[in-house]
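Before any comments, here is the structure.
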Amino acid sequence: GESVGLHLPTLSVQEGDNSIINCAYSNSASDYFIWYKQESGKGPQFIIDIRSNMDKRQGQRVTVLLNKTVKHLSLQIAATQPGDSAVYFCAENGNSGNTPLVFGKGTRLSVIA
Amino acid sequence: DSGVTQTPKHLITATGQRVTLRCSPRSGDLSVYWYQQSLDQGLQFLIQYYNGEERAKGNILERFSAQQFPDLHSELNLSSLELGDSALYFCASSVRGAADYGYTFGSGTRLTVV
């Protein structure tokens, strides 16, 4: 079946460097994508979203890139801080009307001080 | 505080028992979603309610059931519990019924079956 997946389960980054978290999706009908951040012991927190009519969207220190040709989504975090340490999930909507968001397994980002 | 309230935060129970998890959505949100998160796993969709009616069903076991009440709060009932049901259970809410806007998640209920 179709699913959302992540290339790397863990990522270690030096404080101050930029982080890039990748996500591959397989449902070509998906037209809405979200990145969530989950800190230990907490629920997932919305970071940034993007619709399929865009290929880039920027937030505060974060940028999401969407490449529909190769069905790839990435989250870039600028000047990574210790507070960015968490598990990051991408999610897609499948666009079948009533299909809820489908989440990937997540990437753990560890920031080295 | 996300605005989505889940109770209890922690629950420890024995195999074969039944528990009820409760979720109050963010004010104004009509949809409630339940997700299960096991160790080192992603978020597995269980069930969605929109304005009191079941909207979508995922990989929810027959031993599990849910409902959404007129005041829009939702309850997830887990019965005949097994060790493998130990997990984090998250509730999320959104304004609309379709997945074209982000969900707001609660802080979850950690269920431990012993």
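We label chains A, B, ... in the order they appear in the structure tokens, count residues from 1 in each chain, and number ligands from 1 in the order shown.
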
Counting only C-alpha atoms, collect the residues of chain A whose closest atom lies at most 7 Å from chain B, and write them out as a compact mmCIF listing (two decimals) with N, CA and C atoms, in the first residue's frame.
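Contents of iface-v2.txt, freshly written:
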# COMPACT_ATOMS: atom_id res chain seq x y z
N TYR A 32 -1.49 18.07 0.20
CA TYR A 32 -1.26 18.86 1.40
C TYR A 32 -0.30 18.09 2.29
N LYS A 42 5.54 14.73 24.93
CA LYS A 42 4.53 15.69 24.48
C LYS A 42 3.85 15.21 23.20
N GLY A 43 2.76 15.86 22.86
CA GLY A 43 2.09 15.55 21.62
C GLY A 43 2.76 16.24 20.45
N PRO A 44 2.51 15.77 19.23
CA PRO A 44 3.08 16.42 18.04
C PRO A 44 2.63 17.87 17.93
N GLN A 45 3.56 18.71 17.52
CA GLN A 45 3.29 20.13 17.40
C GLN A 45 3.48 20.56 15.95
N ASN A 93 -1.94 14.10 3.10
CA ASN A 93 -3.38 13.94 3.25
C ASN A 93 -4.00 12.93 2.29
N GLY A 97 -10.57 12.82 -0.10
CA GLY A 97 -11.76 13.38 0.51
C GLY A 97 -11.78 13.18 2.01
N ASN A 98 -12.00 11.96 2.41
CA ASN A 98 -12.10 11.69 3.84
C ASN A 98 -10.85 11.05 4.43
N THR A 99 -9.78 10.94 3.66
CA THR A 99 -8.58 10.31 4.19
C THR A 99 -7.90 11.23 5.19
N PRO A 100 -7.74 10.76 6.43
CA PRO A 100 -7.03 11.57 7.42
C PRO A 100 -5.54 11.62 7.09
N LEU A 101 -4.85 12.48 7.80
CA LEU A 101 -3.42 12.62 7.60
C LEU A 101 -2.72 11.29 7.88
N PHE A 103 0.93 9.66 8.66
CA PHE A 103 2.22 10.09 9.19
C PHE A 103 3.32 9.09 8.88
N GLY A 104 4.52 9.60 8.67
CA GLY A 104 5.69 8.77 8.55
C GLY A 104 6.15 8.32 9.93
N LYS A 105 7.21 7.49 9.94
CA LYS A 105 7.69 6.94 11.22
C LYS A 105 8.49 7.95 12.03
N GLY A 106 9.01 8.97 11.41
CA GLY A 106 9.70 10.01 12.17
C GLY A 106 11.21 9.94 12.08

For this session: Have a look at A:Leu109, A:Gln81, A:Gly41, A:Trp35 and name the one nearest to A:Gly59; count only C-alpha atoms.
Result: A:Trp35

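Atom CA of B:Ser74 sits 10.9 Å away from atom CA of B:Thr7.
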
Neighbours of A:Leu11 within 9 Å (only C-alpha atoms; same-chain residues fewer than 3 positions away dropped), as an mmCIF file with C-alpha atoms, in the first residue's frame?
data_model
loop_
_atom_site.group_PDB
_atom_site.id
_atom_site.type_symbol
_atom_site.label_atom_id
_atom_site.label_comp_id
_atom_site.auth_asym_id
_atom_site.auth_seq_id
_atom_site.Cartn_x
_atom_site.Cartn_y
_atom_site.Cartn_z
ATOM 1 C CA LEU A 8 16.919 8.501 7.949
ATOM 2 C CA SER A 19 19.521 20.607 9.591
ATOM 3 C CA ILE A 20 17.789 18.893 6.710
ATOM 4 C CA ILE A 21 15.192 16.207 7.346
ATOM 5 C CA THR A 107 13.299 11.190 12.296
ATOM 6 C CA ARG A 108 15.022 11.871 15.588
ATOM 7 C CA LEU A 109 17.080 15.045 15.516
ATOM 8 C CA SER A 110 19.817 15.334 18.136
ATOM 9 C CA VAL A 111 21.602 18.654 18.510
#

Write out as a compact mmCIF listing (two decimals) with N, CA, C and O atoms, in the first residue's frame each polymer residue whose atoms come within 7 Å of B:Arg26, counting only C-alpha atoms; drop sequence neighbours fewer than 6 positions from it.
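Once everything was written out, this is result.txt:
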# COMPACT_ATOMS: atom_id res chain seq x y z
N GLY B 3 -4.81 23.42 23.58
CA GLY B 3 -6.25 23.60 23.53
C GLY B 3 -6.99 22.28 23.43
O GLY B 3 -8.21 22.24 23.63
N VAL B 4 -6.27 21.20 23.14
CA VAL B 4 -6.86 19.86 23.11
C VAL B 4 -6.51 19.18 24.43
O VAL B 4 -5.33 19.07 24.77
N SER B 93 -7.57 17.46 16.95
CA SER B 93 -8.80 18.06 16.46
C SER B 93 -8.51 19.04 15.33
O SER B 93 -7.38 19.52 15.18

Exercise. Could you pull out the strand (DSSP E or B) residues of chain A from DSSP and send them as number ranges by chain?
Worked result: A: 4-5, 10-14, 19-25, 32-38, 45-51, 56-58, 62-67, 72-77, 86-92, 102-103, 107-112

For this session: For B:Gly84, work out the shell of residues within 12 Å, counting only C-alpha atoms and skipping chain neighbours fewer than 4 positions away, then give it as a PyMOL selection string.
Result: chain B and resi 14-16+36-39+61+80+88+111-114

Please list as a PDB file with all heavy atoms, in the first residue's frame every residue within 7 Å of B:Tyr49, counting only C-alpha atoms and excluding residues in the same chain fewer than 4 positions away.
ATOM      1  N   SER B  31     -13.908  18.253  14.237  1.00  0.00           N
ATOM      2  CA  SER B  31     -13.362  16.918  13.999  1.00  0.00           C
ATOM      3  C   SER B  31     -12.452  16.480  15.138  1.00  0.00           C
ATOM      4  O   SER B  31     -11.655  17.273  15.649  1.00  0.00           O
ATOM      5  CB  SER B  31     -12.535  16.908  12.709  1.00  0.00           C
ATOM      6  OG  SER B  31     -13.289  16.478  11.620  1.00  0.00           O
ATOM      7  N   VAL B  32     -12.565  15.201  15.466  1.00  0.00           N
ATOM      8  CA  VAL B  32     -11.673  14.591  16.451  1.00  0.00           C
ATOM      9  C   VAL B  32     -11.065  13.340  15.825  1.00  0.00           C
ATOM     10  O   VAL B  32     -11.766  12.556  15.186  1.00  0.00           O
ATOM     11  CB  VAL B  32     -12.425  14.216  17.743  1.00  0.00           C
ATOM     12  CG1 VAL B  32     -11.534  13.360  18.640  1.00  0.00           C
ATOM     13  CG2 VAL B  32     -12.844  15.473  18.490  1.00  0.00           C
ATOM     14  N   TYR B  33      -9.769  13.196  15.982  1.00  0.00           N
ATOM     15  CA  TYR B  33      -9.034  12.051  15.452  1.00  0.00           C
ATOM     16  C   TYR B  33      -8.345  11.341  16.610  1.00  0.00           C
ATOM     17  O   TYR B  33      -7.795  11.993  17.493  1.00  0.00           O
ATOM     18  CB  TYR B  33      -7.969  12.497  14.446  1.00  0.00           C
ATOM     19  CG  TYR B  33      -8.466  13.406  13.355  1.00  0.00           C
ATOM     20  CD1 TYR B  33      -8.612  14.774  13.578  1.00  0.00           C
ATOM     21  CD2 TYR B  33      -8.776  12.908  12.091  1.00  0.00           C
ATOM     22  CE1 TYR B  33      -9.064  15.623  12.584  1.00  0.00           C
ATOM     23  CE2 TYR B  33      -9.215  13.753  11.090  1.00  0.00           C
ATOM     24  CZ  TYR B  33      -9.363  15.108  11.335  1.00  0.00           C
ATOM     25  OH  TYR B  33      -9.812  15.930  10.340  1.00  0.00           O
ATOM     26  N   GLU B  53     -20.480  12.354  14.165  1.00  0.00           N
ATOM     27  CA  GLU B  53     -20.627  11.151  13.335  1.00  0.00           C
ATOM     28  C   GLU B  53     -19.255  10.597  12.936  1.00  0.00           C
ATOM     29  O   GLU B  53     -18.314  11.351  12.699  1.00  0.00           O
ATOM     30  CB  GLU B  53     -21.426  11.472  12.080  1.00  0.00           C
ATOM     31  CG  GLU B  53     -22.865  11.874  12.367  1.00  0.00           C
ATOM     32  CD  GLU B  53     -23.697  11.963  11.100  1.00  0.00           C
ATOM     33  OE1 GLU B  53     -23.166  11.707  10.013  1.00  0.00           O
ATOM     34  OE2 GLU B  53     -24.891  12.299  11.209  1.00  0.00           O
ATOM     35  N   GLU B  54     -19.203   9.280  12.825  1.00  0.00           N
ATOM     36  CA  GLU B  54     -17.960   8.657  12.381  1.00  0.00           C
ATOM     37  C   GLU B  54     -17.679   9.056  10.945  1.00  0.00           C
ATOM     38  O   GLU B  54     -18.533   8.919  10.068  1.00  0.00           O
ATOM     39  CB  GLU B  54     -18.070   7.135  12.497  1.00  0.00           C
ATOM     40  CG  GLU B  54     -16.799   6.398  12.121  1.00  0.00           C
ATOM     41  CD  GLU B  54     -16.980   4.893  12.217  1.00  0.00           C
ATOM     42  OE1 GLU B  54     -17.356   4.389  13.281  1.00  0.00           O
ATOM     43  OE2 GLU B  54     -16.739   4.218  11.188  1.00  0.00           O
ATOM     44  N   ARG B  55     -16.454   9.545  10.679  1.00  0.00           N
ATOM     45  CA  ARG B  55     -16.110  10.011   9.337  1.00  0.00           C
ATOM     46  C   ARG B  55     -15.158   9.061   8.634  1.00  0.00           C
ATOM     47  O   ARG B  55     -15.263   8.838   7.438  1.00  0.00           O
ATOM     48  CB  ARG B  55     -15.480  11.410   9.434  1.00  0.00           C
ATOM     49  CG  ARG B  55     -14.944  11.981   8.141  1.00  0.00           C
ATOM     50  CD  ARG B  55     -16.010  12.203   7.104  1.00  0.00           C
ATOM     51  NE  ARG B  55     -16.933  13.251   7.446  1.00  0.00           N
ATOM     52  CZ  ARG B  55     -16.842  14.506   6.994  1.00  0.00           C
ATOM     53  NH1 ARG B  55     -15.830  14.860   6.242  1.00  0.00           N
ATOM     54  NH2 ARG B  55     -17.757  15.395   7.307  1.00  0.00           N
ATOM     55  N   GLN B  68     -18.301  10.337  19.654  1.00  0.00           N
ATOM     56  CA  GLN B  68     -18.204  11.779  19.880  1.00  0.00           C
ATOM     57  C   GLN B  68     -19.571  12.253  20.358  1.00  0.00           C
ATOM     58  O   GLN B  68     -20.588  11.972  19.730  1.00  0.00           O
ATOM     59  CB  GLN B  68     -17.796  12.525  18.614  1.00  0.00           C
ATOM     60  CG  GLN B  68     -17.528  14.016  18.850  1.00  0.00           C
ATOM     61  CD  GLN B  68     -17.095  14.744  17.588  1.00  0.00           C
ATOM     62  OE1 GLN B  68     -17.479  14.378  16.484  1.00  0.00           O
ATOM     63  NE2 GLN B  68     -16.305  15.802  17.745  1.00  0.00           N
TER      64      GLN B  68
END

For this session: May I have the residues within 8 Å of B:Asn77 as a ChimeraX atom specification, using only C-alpha atoms and disregarding those fewer than 3 positions away in the same chain?
Result: /B:18-21,64-66

Suppose we keep N, CA and C atoms; can you now write the selection as a PDB file, in the first residue's frame?
ATOM      1  N   ARG B  18     -10.843  -3.100  30.792  1.00  0.00           N
ATOM      2  CA  ARG B  18     -11.376  -2.112  29.850  1.00  0.00           C
ATOM      3  C   ARG B  18     -11.084  -0.721  30.400  1.00  0.00           C
ATOM      4  N   VAL B  19     -10.705   0.191  29.496  1.00  0.00           N
ATOM      5  CA  VAL B  19     -10.431   1.566  29.907  1.00  0.00           C
ATOM      6  C   VAL B  19     -11.101   2.530  28.932  1.00  0.00           C
ATOM      7  N   THR B  20     -11.288   3.740  29.397  1.00  0.00           N
ATOM      8  CA  THR B  20     -11.857   4.797  28.565  1.00  0.00           C
ATOM      9  C   THR B  20     -10.935   6.003  28.589  1.00  0.00           C
ATOM     10  N   LEU B  21     -10.559   6.458  27.411  1.00  0.00           N
ATOM     11  CA  LEU B  21      -9.742   7.649  27.266  1.00  0.00           C
ATOM     12  C   LEU B  21     -10.635   8.787  26.789  1.00  0.00           C
ATOM     13  N   PHE B  64     -11.696  -2.147  20.185  1.00  0.00           N
ATOM     14  CA  PHE B  64     -11.668  -0.699  20.444  1.00  0.00           C
ATOM     15  C   PHE B  64     -12.919  -0.068  19.835  1.00  0.00           C
ATOM     16  N   SER B  65     -13.442   0.935  20.503  1.00  0.00           N
ATOM     17  CA  SER B  65     -14.564   1.683  19.947  1.00  0.00           C
ATOM     18  C   SER B  65     -14.452   3.133  20.401  1.00  0.00           C
ATOM     19  N   ALA B  66     -15.162   3.992  19.725  1.00  0.00           N
ATOM     20  CA  ALA B  66     -15.107   5.402  20.084  1.00  0.00           C
ATOM     21  C   ALA B  66     -16.455   6.050  19.804  1.00  0.00           C
TER      22      ALA B  66
END
